[in-house]
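Note: the block below is entry.cif and it holds mmCIF, C-alpha atoms.
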```cif
data_model
loop_
_atom_site.label_atom_id
_atom_site.label_comp_id
_atom_site.auth_asym_id
_atom_site.auth_seq_id
_atom_site.Cartn_x
_atom_site.Cartn_y
_atom_site.Cartn_z
CA MET A 1 37.21 3.77 -43.89
CA LYS A 2 36.68 4.11 -40.17
CA GLN A 3 40.31 3.40 -39.44
CA GLY A 4 41.40 6.00 -41.99
CA LYS A 5 39.21 8.62 -40.34
CA GLU A 6 40.72 7.86 -36.96
CA VAL A 7 44.20 8.39 -38.37
CA GLU A 8 43.15 11.78 -39.77
CA ASN A 9 41.51 12.83 -36.52
CA PRO A 10 43.70 15.58 -34.94
CA GLU A 11 42.97 14.34 -31.44
CA SER A 12 44.08 10.79 -32.26
CA ARG A 13 47.11 12.12 -34.11
CA PHE A 14 48.23 14.14 -31.09
CA PHE A 15 47.73 11.29 -28.63
CA ALA A 16 49.69 8.94 -30.90
CA LEU A 17 52.58 11.43 -31.02
CA LEU A 18 52.46 11.97 -27.25
CA LEU A 19 52.53 8.25 -26.47
CA ALA A 20 55.31 7.59 -28.99
CA ALA A 21 57.46 10.36 -27.51
CA ALA A 22 56.83 9.08 -23.97
CA LYS A 23 58.44 5.75 -24.94
CA LEU A 24 61.70 7.32 -26.18
CA PRO A 25 64.81 6.63 -24.05
CA GLY A 26 65.54 9.35 -21.51
CA VAL A 27 62.17 11.08 -21.78
CA ARG A 28 60.73 9.96 -18.45
CA ILE A 29 62.10 11.82 -15.45
CA ASN A 30 62.57 10.01 -12.15
CA ARG A 31 60.91 12.37 -9.68
CA GLU A 32 63.04 11.48 -6.66
CA ALA A 33 66.35 11.60 -8.53
CA TYR A 34 65.47 14.89 -10.22
CA LEU A 35 64.36 16.67 -7.05
CA ARG A 36 67.42 15.46 -5.15
CA SER A 37 69.78 16.65 -7.88
CA ALA A 38 67.98 19.91 -8.69
CA LEU A 39 67.62 21.05 -5.07
CA ALA A 40 71.00 19.86 -3.84
CA ARG A 41 72.79 23.22 -4.07
CA ARG A 42 70.00 25.33 -2.61
CA CYS A 43 68.28 23.23 0.08
CA SER A 44 69.23 21.24 3.15
CA GLU A 45 69.13 17.46 3.09
CA ASP A 46 66.16 17.53 5.44
CA ASP A 47 64.22 19.85 3.12
CA ILE A 48 65.06 17.70 0.11
CA ARG A 49 63.93 14.53 1.87
CA TRP A 50 60.65 16.19 2.87
CA ALA A 51 60.14 17.52 -0.67
CA ILE A 52 60.56 14.01 -2.06
CA GLU A 53 58.38 12.28 0.51
CA GLU A 54 55.68 14.96 0.33
CA THR A 55 56.06 17.96 -2.03
CA PRO A 56 58.36 21.00 -2.29
CA ALA A 57 55.41 23.13 -1.10
CA ALA A 58 54.93 20.91 1.95
CA ALA A 59 58.66 21.23 2.64
CA ALA A 60 58.11 25.03 2.70
CA ILE A 61 60.72 25.59 0.01
CA PRO A 62 60.34 29.24 -1.11
CA VAL A 63 58.88 29.79 -4.57
CA GLU A 64 61.87 32.02 -5.37
CA VAL A 65 64.20 29.05 -4.89
CA LEU A 66 62.00 26.83 -7.04
CA ASP A 67 61.90 29.52 -9.74
CA LYS A 68 65.70 29.57 -9.93
CA VAL A 69 65.86 25.78 -10.18
CA ALA A 70 63.10 25.80 -12.82
CA ASN A 71 65.00 28.38 -14.89
CA ASP A 72 68.12 26.22 -14.75
CA SER A 73 66.13 23.22 -16.00
CA ILE A 74 64.51 25.28 -18.78
CA ARG A 75 67.90 26.54 -19.98
CA PHE A 76 69.32 23.02 -19.96
CA GLU A 77 66.42 21.46 -21.90
CA THR A 78 66.23 24.38 -24.37
CA ALA A 79 69.93 24.16 -25.20
CA LYS A 80 69.69 20.40 -25.62
CA VAL A 81 66.61 20.36 -27.87
CA SER A 82 67.93 23.27 -29.99
CA ALA A 83 71.26 21.52 -30.56
CA LEU A 84 69.54 18.28 -31.55
CA SER A 85 67.19 20.13 -33.88
CA ALA A 86 70.10 21.90 -35.57
CA ALA A 87 71.96 18.62 -36.00
CA ALA A 88 68.88 17.09 -37.61
CA GLY A 89 68.80 19.95 -40.12
CA ILE A 90 72.31 19.37 -41.51
CA PRO A 91 71.60 16.53 -44.03
CA GLY A 92 69.23 18.67 -46.11
CA ILE A 93 66.27 17.80 -48.29
CA MET A 94 67.42 14.30 -49.30
CA ALA A 95 67.11 13.13 -45.71
CA LEU A 96 63.80 14.80 -44.86
CA PRO A 97 61.70 11.60 -44.66
CA ALA A 98 64.05 10.29 -41.98
CA THR A 99 64.92 13.44 -40.02
CA VAL A 100 61.56 15.20 -39.75
CA PRO A 101 59.66 12.43 -37.90
CA ALA A 102 62.66 11.91 -35.59
CA ASP A 103 63.02 15.63 -34.97
CA THR A 104 59.32 15.99 -34.19
CA ALA A 105 59.42 13.07 -31.77
CA GLN A 106 62.49 14.35 -29.92
CA TYR A 107 60.95 17.85 -29.76
CA VAL A 108 57.80 16.45 -28.12
CA GLY A 109 60.03 14.29 -25.93
CA HIS A 110 61.80 17.37 -24.62
CA MET A 111 58.44 19.05 -24.05
CA LEU A 112 57.58 16.04 -21.90
CA ARG A 113 60.89 16.30 -20.05
CA ILE A 114 60.47 19.94 -19.08
CA ALA A 115 56.78 19.43 -18.27
CA GLN A 116 57.71 16.70 -15.77
CA LYS A 117 60.53 18.71 -14.21
CA LEU A 118 58.35 21.79 -13.72
CA ALA A 119 55.48 19.70 -12.41
CA TYR A 120 57.67 18.03 -9.78
CA LEU A 121 59.18 21.35 -8.66
CA TYR A 122 55.74 22.91 -8.26
CA SER A 123 54.34 20.01 -6.20
CA TRP A 124 52.59 17.76 -8.72
CA PRO A 125 52.79 14.00 -8.08
CA ASP A 126 54.81 11.41 -9.98
CA LEU A 127 53.35 11.27 -13.49
CA PHE A 128 54.73 7.95 -14.72
CA SER A 129 54.56 4.49 -13.24
CA ASP A 130 57.78 2.52 -13.07
CA GLU A 131 55.97 -0.50 -14.44
CA GLY A 132 56.14 -0.89 -18.23
CA ASP A 133 55.88 1.65 -21.03
CA ASP A 134 52.15 2.28 -20.72
CA VAL A 135 50.86 5.77 -19.94
CA ASP A 136 47.65 5.78 -17.93
CA ASP A 137 44.74 7.94 -19.04
CA ALA A 138 45.04 10.43 -16.19
CA THR A 139 48.70 11.09 -16.95
CA LYS A 140 47.92 11.38 -20.66
CA GLY A 141 45.20 13.89 -19.81
CA VAL A 142 47.27 16.12 -17.55
CA LEU A 143 50.23 16.11 -19.95
CA THR A 144 47.88 17.15 -22.74
CA LEU A 145 46.70 20.06 -20.60
CA PHE A 146 50.31 21.02 -19.80
CA PHE A 147 51.03 21.11 -23.53
CA GLY A 148 47.93 23.24 -24.00
CA VAL A 149 49.27 25.73 -21.45
CA MET A 150 52.59 25.75 -23.31
CA PHE A 151 50.76 26.59 -26.54
CA GLY A 152 48.84 29.37 -24.81
CA THR A 153 45.26 28.12 -24.68
CA LYS A 154 42.85 29.52 -22.10
CA SER A 155 40.94 26.28 -21.74
CA ALA A 156 44.11 24.43 -20.76
CA ASN A 157 44.95 27.12 -18.19
CA VAL A 158 41.52 26.77 -16.64
CA ALA A 159 41.59 22.96 -16.68
CA VAL A 160 45.05 22.74 -15.07
CA GLY A 161 43.83 25.13 -12.40
CA LYS A 162 40.81 22.89 -11.75
CA VAL A 163 42.95 19.77 -11.42
CA ALA A 164 45.42 21.54 -9.12
CA GLY A 165 42.53 22.81 -7.02
CA MET A 166 41.13 19.31 -6.59
CA MET A 167 44.51 18.00 -5.47
CA ALA A 168 45.13 20.89 -3.07
CA GLU A 169 41.68 20.52 -1.55
CA GLN A 170 42.05 16.79 -1.00
CA VAL A 171 45.78 16.94 -0.12
CA ALA A 172 46.15 14.22 -2.74
CA LYS A 173 49.38 12.57 -3.83
CA LYS A 174 47.88 11.23 -7.05
CA LEU A 175 46.16 12.75 -10.04
CA PRO A 176 42.33 12.88 -9.88
CA GLN A 177 41.66 9.93 -12.17
CA LYS A 178 37.93 10.38 -12.50
CA ALA A 179 38.02 14.08 -13.38
CA LEU A 180 40.72 13.56 -16.02
CA THR A 181 39.28 10.45 -17.66
CA HIS A 182 35.52 10.91 -17.73
CA GLY A 183 34.70 13.73 -15.33
CA VAL A 184 34.47 17.51 -15.50
CA VAL A 185 37.96 18.04 -16.95
CA TYR A 186 37.83 15.29 -19.58
CA PRO A 187 35.96 17.31 -22.28
CA MET A 188 38.65 19.99 -22.00
CA VAL A 189 41.37 17.37 -22.45
CA LYS A 190 39.74 16.16 -25.67
CA ARG A 191 39.34 19.69 -27.06
CA VAL A 192 42.92 20.63 -26.22
CA ALA A 193 44.23 17.40 -27.81
CA SER A 194 42.31 18.14 -31.01
CA TYR A 195 43.65 21.69 -31.08
CA LEU A 196 47.23 20.52 -30.52
CA GLY A 197 46.89 17.92 -33.28
CA VAL A 198 46.27 20.74 -35.75
CA ARG A 199 48.92 23.08 -34.33
CA MET A 200 51.66 20.47 -34.28
CA THR A 201 50.98 19.53 -37.90
CA THR A 202 51.47 23.17 -38.86
CA GLN A 203 54.63 23.38 -36.78
CA SER A 204 55.98 20.20 -38.39
CA PHE A 205 55.45 21.75 -41.82
CA ALA A 206 57.43 24.83 -40.82
CA THR A 207 60.21 22.58 -39.53
CA THR A 208 60.24 20.65 -42.83
CA VAL A 209 60.67 23.85 -44.83
CA SER A 210 63.50 25.02 -42.58
CA LYS A 211 65.43 21.79 -43.25
CA ALA A 212 65.30 21.93 -47.03
CA ILE A 213 68.72 23.61 -47.43
CA PRO A 214 71.75 21.89 -45.84
CA LEU A 215 73.78 23.83 -43.22
CA VAL A 216 71.57 26.90 -43.62
CA GLY A 217 68.68 24.65 -42.66
CA ALA A 218 70.58 23.57 -39.55
CA ALA A 219 70.87 27.14 -38.27
CA VAL A 220 67.27 27.97 -39.12
CA SER A 221 65.95 24.75 -37.60
CA GLY A 222 67.88 25.23 -34.36
CA GLY A 223 66.78 28.86 -34.18
CA LEU A 224 63.16 27.95 -34.83
CA THR A 225 63.24 25.39 -32.04
CA LEU A 226 64.81 27.91 -29.65
CA ALA A 227 62.20 30.54 -30.56
CA THR A 228 59.29 28.17 -29.86
CA TYR A 229 60.47 25.88 -27.07
CA LEU A 230 61.82 28.53 -24.68
CA PRO A 231 58.69 30.72 -24.44
CA MET A 232 56.46 27.64 -24.18
CA ALA A 233 58.48 26.26 -21.27
CA LYS A 234 58.42 29.65 -19.53
CA ARG A 235 54.66 29.90 -20.03
CA LEU A 236 54.11 26.55 -18.30
CA LYS A 237 56.50 27.49 -15.51
CA ARG A 238 54.64 30.74 -14.77
CA HIS A 239 51.28 29.01 -14.69
CA LEU A 240 52.33 26.12 -12.44
CA ALA A 241 54.25 28.43 -10.09
CA ASP A 242 51.23 30.65 -9.53
CA LEU A 243 48.80 27.88 -8.62
CA PRO A 244 47.88 27.44 -4.92
CA LEU A 245 49.28 23.90 -5.14
CA ALA A 246 52.80 25.34 -5.48
CA GLN A 247 52.62 27.82 -2.61
CA PRO A 248 54.75 26.88 0.43
CA SER A 249 52.67 25.69 3.37
CA ASP A 250 53.44 25.63 7.07
CA ARG A 251 55.50 22.52 7.64
CA VAL A 252 53.93 20.06 10.03
CA MET A 253 56.25 17.76 11.93
CA GLU A 254 55.20 14.52 13.63
CA GLY A 255 53.13 15.13 16.74
CA GLU A 256 52.22 18.67 15.75
CA VAL A 257 48.58 19.70 15.51
CA VAL A 258 47.59 22.67 13.37
CA GLU A 259 44.29 24.27 12.59
CA ASP A 260 42.99 23.52 9.11
CA GLN A 261 42.95 26.59 6.93
CA ALA A 262 41.82 27.05 3.37
CA PRO A 263 44.55 28.26 1.00
CA PHE A 264 44.39 31.96 0.25
CA PRO A 265 45.15 33.27 -3.24
CA THR A 266 48.46 35.08 -3.33
CA PRO A 267 48.92 38.54 -4.88
CA ARG A 268 51.28 36.89 -7.33
CA ALA A 269 48.61 34.44 -8.47
CA GLU A 270 46.04 37.23 -8.80
CA GLN A 271 48.41 39.27 -10.89
CA HIS A 272 49.18 36.27 -13.10
CA GLY A 273 45.47 35.78 -13.71
CA ALA A 274 45.37 39.17 -15.43
CA GLU A 275 48.33 38.24 -17.61
CA VAL A 276 47.02 34.95 -18.97
CA THR A 277 47.40 34.78 -22.72
CA ASP A 278 44.40 35.75 -24.80
CA VAL A 279 44.79 32.85 -27.21
CA GLU A 280 41.39 31.21 -27.41
CA LEU A 281 40.95 27.50 -27.94
CA GLU A 282 38.91 26.86 -31.04
CA GLU A 283 37.59 23.68 -32.50
CA PRO A 284 39.88 22.70 -35.42
CA GLN A 285 38.31 23.23 -38.79
CA PRO A 286 37.77 20.15 -40.99
#
```
Just give me the structure as structure tokens.
Amino acid sequence: MKQGKEVENPESRFFALLLAAAKLPGVRINREAYLRSALARRCSEDDIRWAIEETPAAAAIPVEVLDKVANDSIRFETAKVSALSAAAGIPGIMALPATVPADTAQYVGHMLRIAQKLAYLYSWPDLFSDEGDDVDDATKGVLTLFFGVMFGTKSANVAVGKVAGMMAEQVAKKLPQKALTHGVVYPMVKRVASYLGVRMTTQSFATTVSKAIPLVGAAVSGGLTLATYLPMAKRLKRHLADLPLAQPSDRVMEGEVVEDQAPFPTPRAEQHGAEVTDVELEEPQP
């Protein structure tokens, strides 16, 4: 009975889906390769090298440039996931048991892809280890919060801001393991995961209905994916771009000495704070 309850738990269901999607081929983005390719047309080789070794913010790459690159990545991933979703809708109702789980997994996989790309552009560290398929708890936690931001939850917005603040304050190149696994942010991660477990089940049902009629289902499924994925990706982009972690800093070369200064909130970040979605995170109902 205990095992059955764990399967039905929305939090466990979401984490299982997240980990399964993270193991799909092509889902994990190589930070160095992505930054080098994405910035190639807009930045000098020296800036790109500095962005890879440190962060795009440390390389003093303007946010406007990063926004353009982020929009390109969002368009690419949206077109790709919408086309795959439409293709999965063509077989119709007879193939639902096979196509729906695959479609859901590839949808979450593309959410992971855009989350990584946006994170790397806006100065977050490498999220995946090159060793094995395992996802450490800190990465699982921060990806859960990114998904929460994409779904428009206030708690996820606040938690991502806390994590970014810790990293900016400590000039850290790694995620704050303690805060994300059993510290101040961890309870938020668990609540967001539980919320997403319920929301994604509802979204999967809507996708199933859209696939019931061949050909027509393909158009509806692709359109539904476009209508959900695009605004979610843009929501995450806006939030990450407005965090102090993403703001360009004065570039310090070897031998230079600068006075330590605390980061000041930008007018853009203050304005964004007033525009944060009003969707409240609620405990899922049994």
Checklist line | Residues within 9 Å of Val185 (chain A), all atoms listed in the file, excluding chain neighbours under 4 positions, as a list in words | finding: Gly141, Ala159, Val160, Lys162, Val163, Lys178, Ala179, Leu180, Thr181 and Val189 of chain A
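You will find CA of Asp72 (chain A) at 21.9 Å from CA of Ala58 (chain A).
The smallest atom-to-atom distance between Leu39 (chain A) and any of A:Val184, A:Ala105, A:Ala79, A:Ile52, using only C-alpha atoms, is found for A:Ile52.
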Next item on the list: For a cut-off of 8 Å around (55.0, 30.0, -1.1), file coordinates, pick out all residues using all atoms listed in the file and list them as a PyMOL selection string.
Entry: chain A and resi 57+60-63+246-249
Output C-alpha atoms for every residue in the selection just made, as a PDB file, in the coordinates of the input.
```
ATOM      1  CA  ALA A  57      55.410  23.130  -1.100  1.00  0.00           C
ATOM      2  CA  ALA A  60      58.110  25.030   2.700  1.00  0.00           C
ATOM      3  CA  ILE A  61      60.720  25.590   0.010  1.00  0.00           C
ATOM      4  CA  PRO A  62      60.340  29.240  -1.110  1.00  0.00           C
ATOM      5  CA  VAL A  63      58.880  29.790  -4.570  1.00  0.00           C
ATOM      6  CA  ALA A 246      52.800  25.340  -5.480  1.00  0.00           C
ATOM      7  CA  GLN A 247      52.620  27.820  -2.610  1.00  0.00           C
ATOM      8  CA  PRO A 248      54.750  26.880   0.430  1.00  0.00           C
ATOM      9  CA  SER A 249      52.670  25.690   3.370  1.00  0.00           C
TER      10      SER A 249
END
```
Checklist line | Evaluate the PyMOL selection byres ((chain A and resi 68) around 12) and report residues as an MDAnalysis selection string | finding: chainID A and resid 38:39 41:42 61:67 69:75 118 121 237 241
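Counting all atoms listed in the file and comparing A:Arg113, A:His182, A:Arg199, A:Lys23, the residue that lies closest to Val81 (chain A) is A:Arg113.
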Checklist line | Evaluate the PyMOL selection byres ((chain A and resi 17) around 12) and report residues as a ChimeraX atom specification | finding: /A:7,10-16,18-24,101-109,111-112,140,144,193,196-197,200-201,204
Item checked: Pairwise distance for CA of Glu54 (chain A) and CA of Pro125 (chain A), rounded to one decimal in Å -> 8.9 Å
Checklist line | Length of the CA of Pro244 (chain A) to CA of Pro56 (chain A) vector [Å] | finding: 12.6 Å
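Comparing the minimum interatomic distances between Phe128 (chain A) and each of A:Ile48, A:Val171, A:Ala164, A:Val27, counting only C-alpha atoms, we find that A:Val27 sits nearest.
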On this structure, the PyMOL selection byres ((chain A and resi 156) around 8) would catch which residues? List them as a PDB file with C-alpha atoms, in the frame of the given file, sorted by chain and number.
```
ATOM      1  CA  LEU A 145      46.700  20.060 -20.600  1.00  0.00           C
ATOM      2  CA  PHE A 146      50.310  21.020 -19.800  1.00  0.00           C
ATOM      3  CA  GLY A 148      47.930  23.240 -24.000  1.00  0.00           C
ATOM      4  CA  VAL A 149      49.270  25.730 -21.450  1.00  0.00           C
ATOM      5  CA  GLY A 152      48.840  29.370 -24.810  1.00  0.00           C
ATOM      6  CA  THR A 153      45.260  28.120 -24.680  1.00  0.00           C
ATOM      7  CA  LYS A 154      42.850  29.520 -22.100  1.00  0.00           C
ATOM      8  CA  SER A 155      40.940  26.280 -21.740  1.00  0.00           C
ATOM      9  CA  ASN A 157      44.950  27.120 -18.190  1.00  0.00           C
ATOM     10  CA  VAL A 158      41.520  26.770 -16.640  1.00  0.00           C
ATOM     11  CA  ALA A 159      41.590  22.960 -16.680  1.00  0.00           C
ATOM     12  CA  VAL A 160      45.050  22.740 -15.070  1.00  0.00           C
ATOM     13  CA  MET A 188      38.650  19.990 -22.000  1.00  0.00           C
ATOM     14  CA  VAL A 189      41.370  17.370 -22.450  1.00  0.00           C
ATOM     15  CA  VAL A 192      42.920  20.630 -26.220  1.00  0.00           C
TER      16      VAL A 192
END
```
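Shortest atom-to-atom contact with Asp46 (chain A) among A:Ala59, A:Ala138, A:Met166, A:Leu236: A:Ala59, counting all atoms listed in the file.
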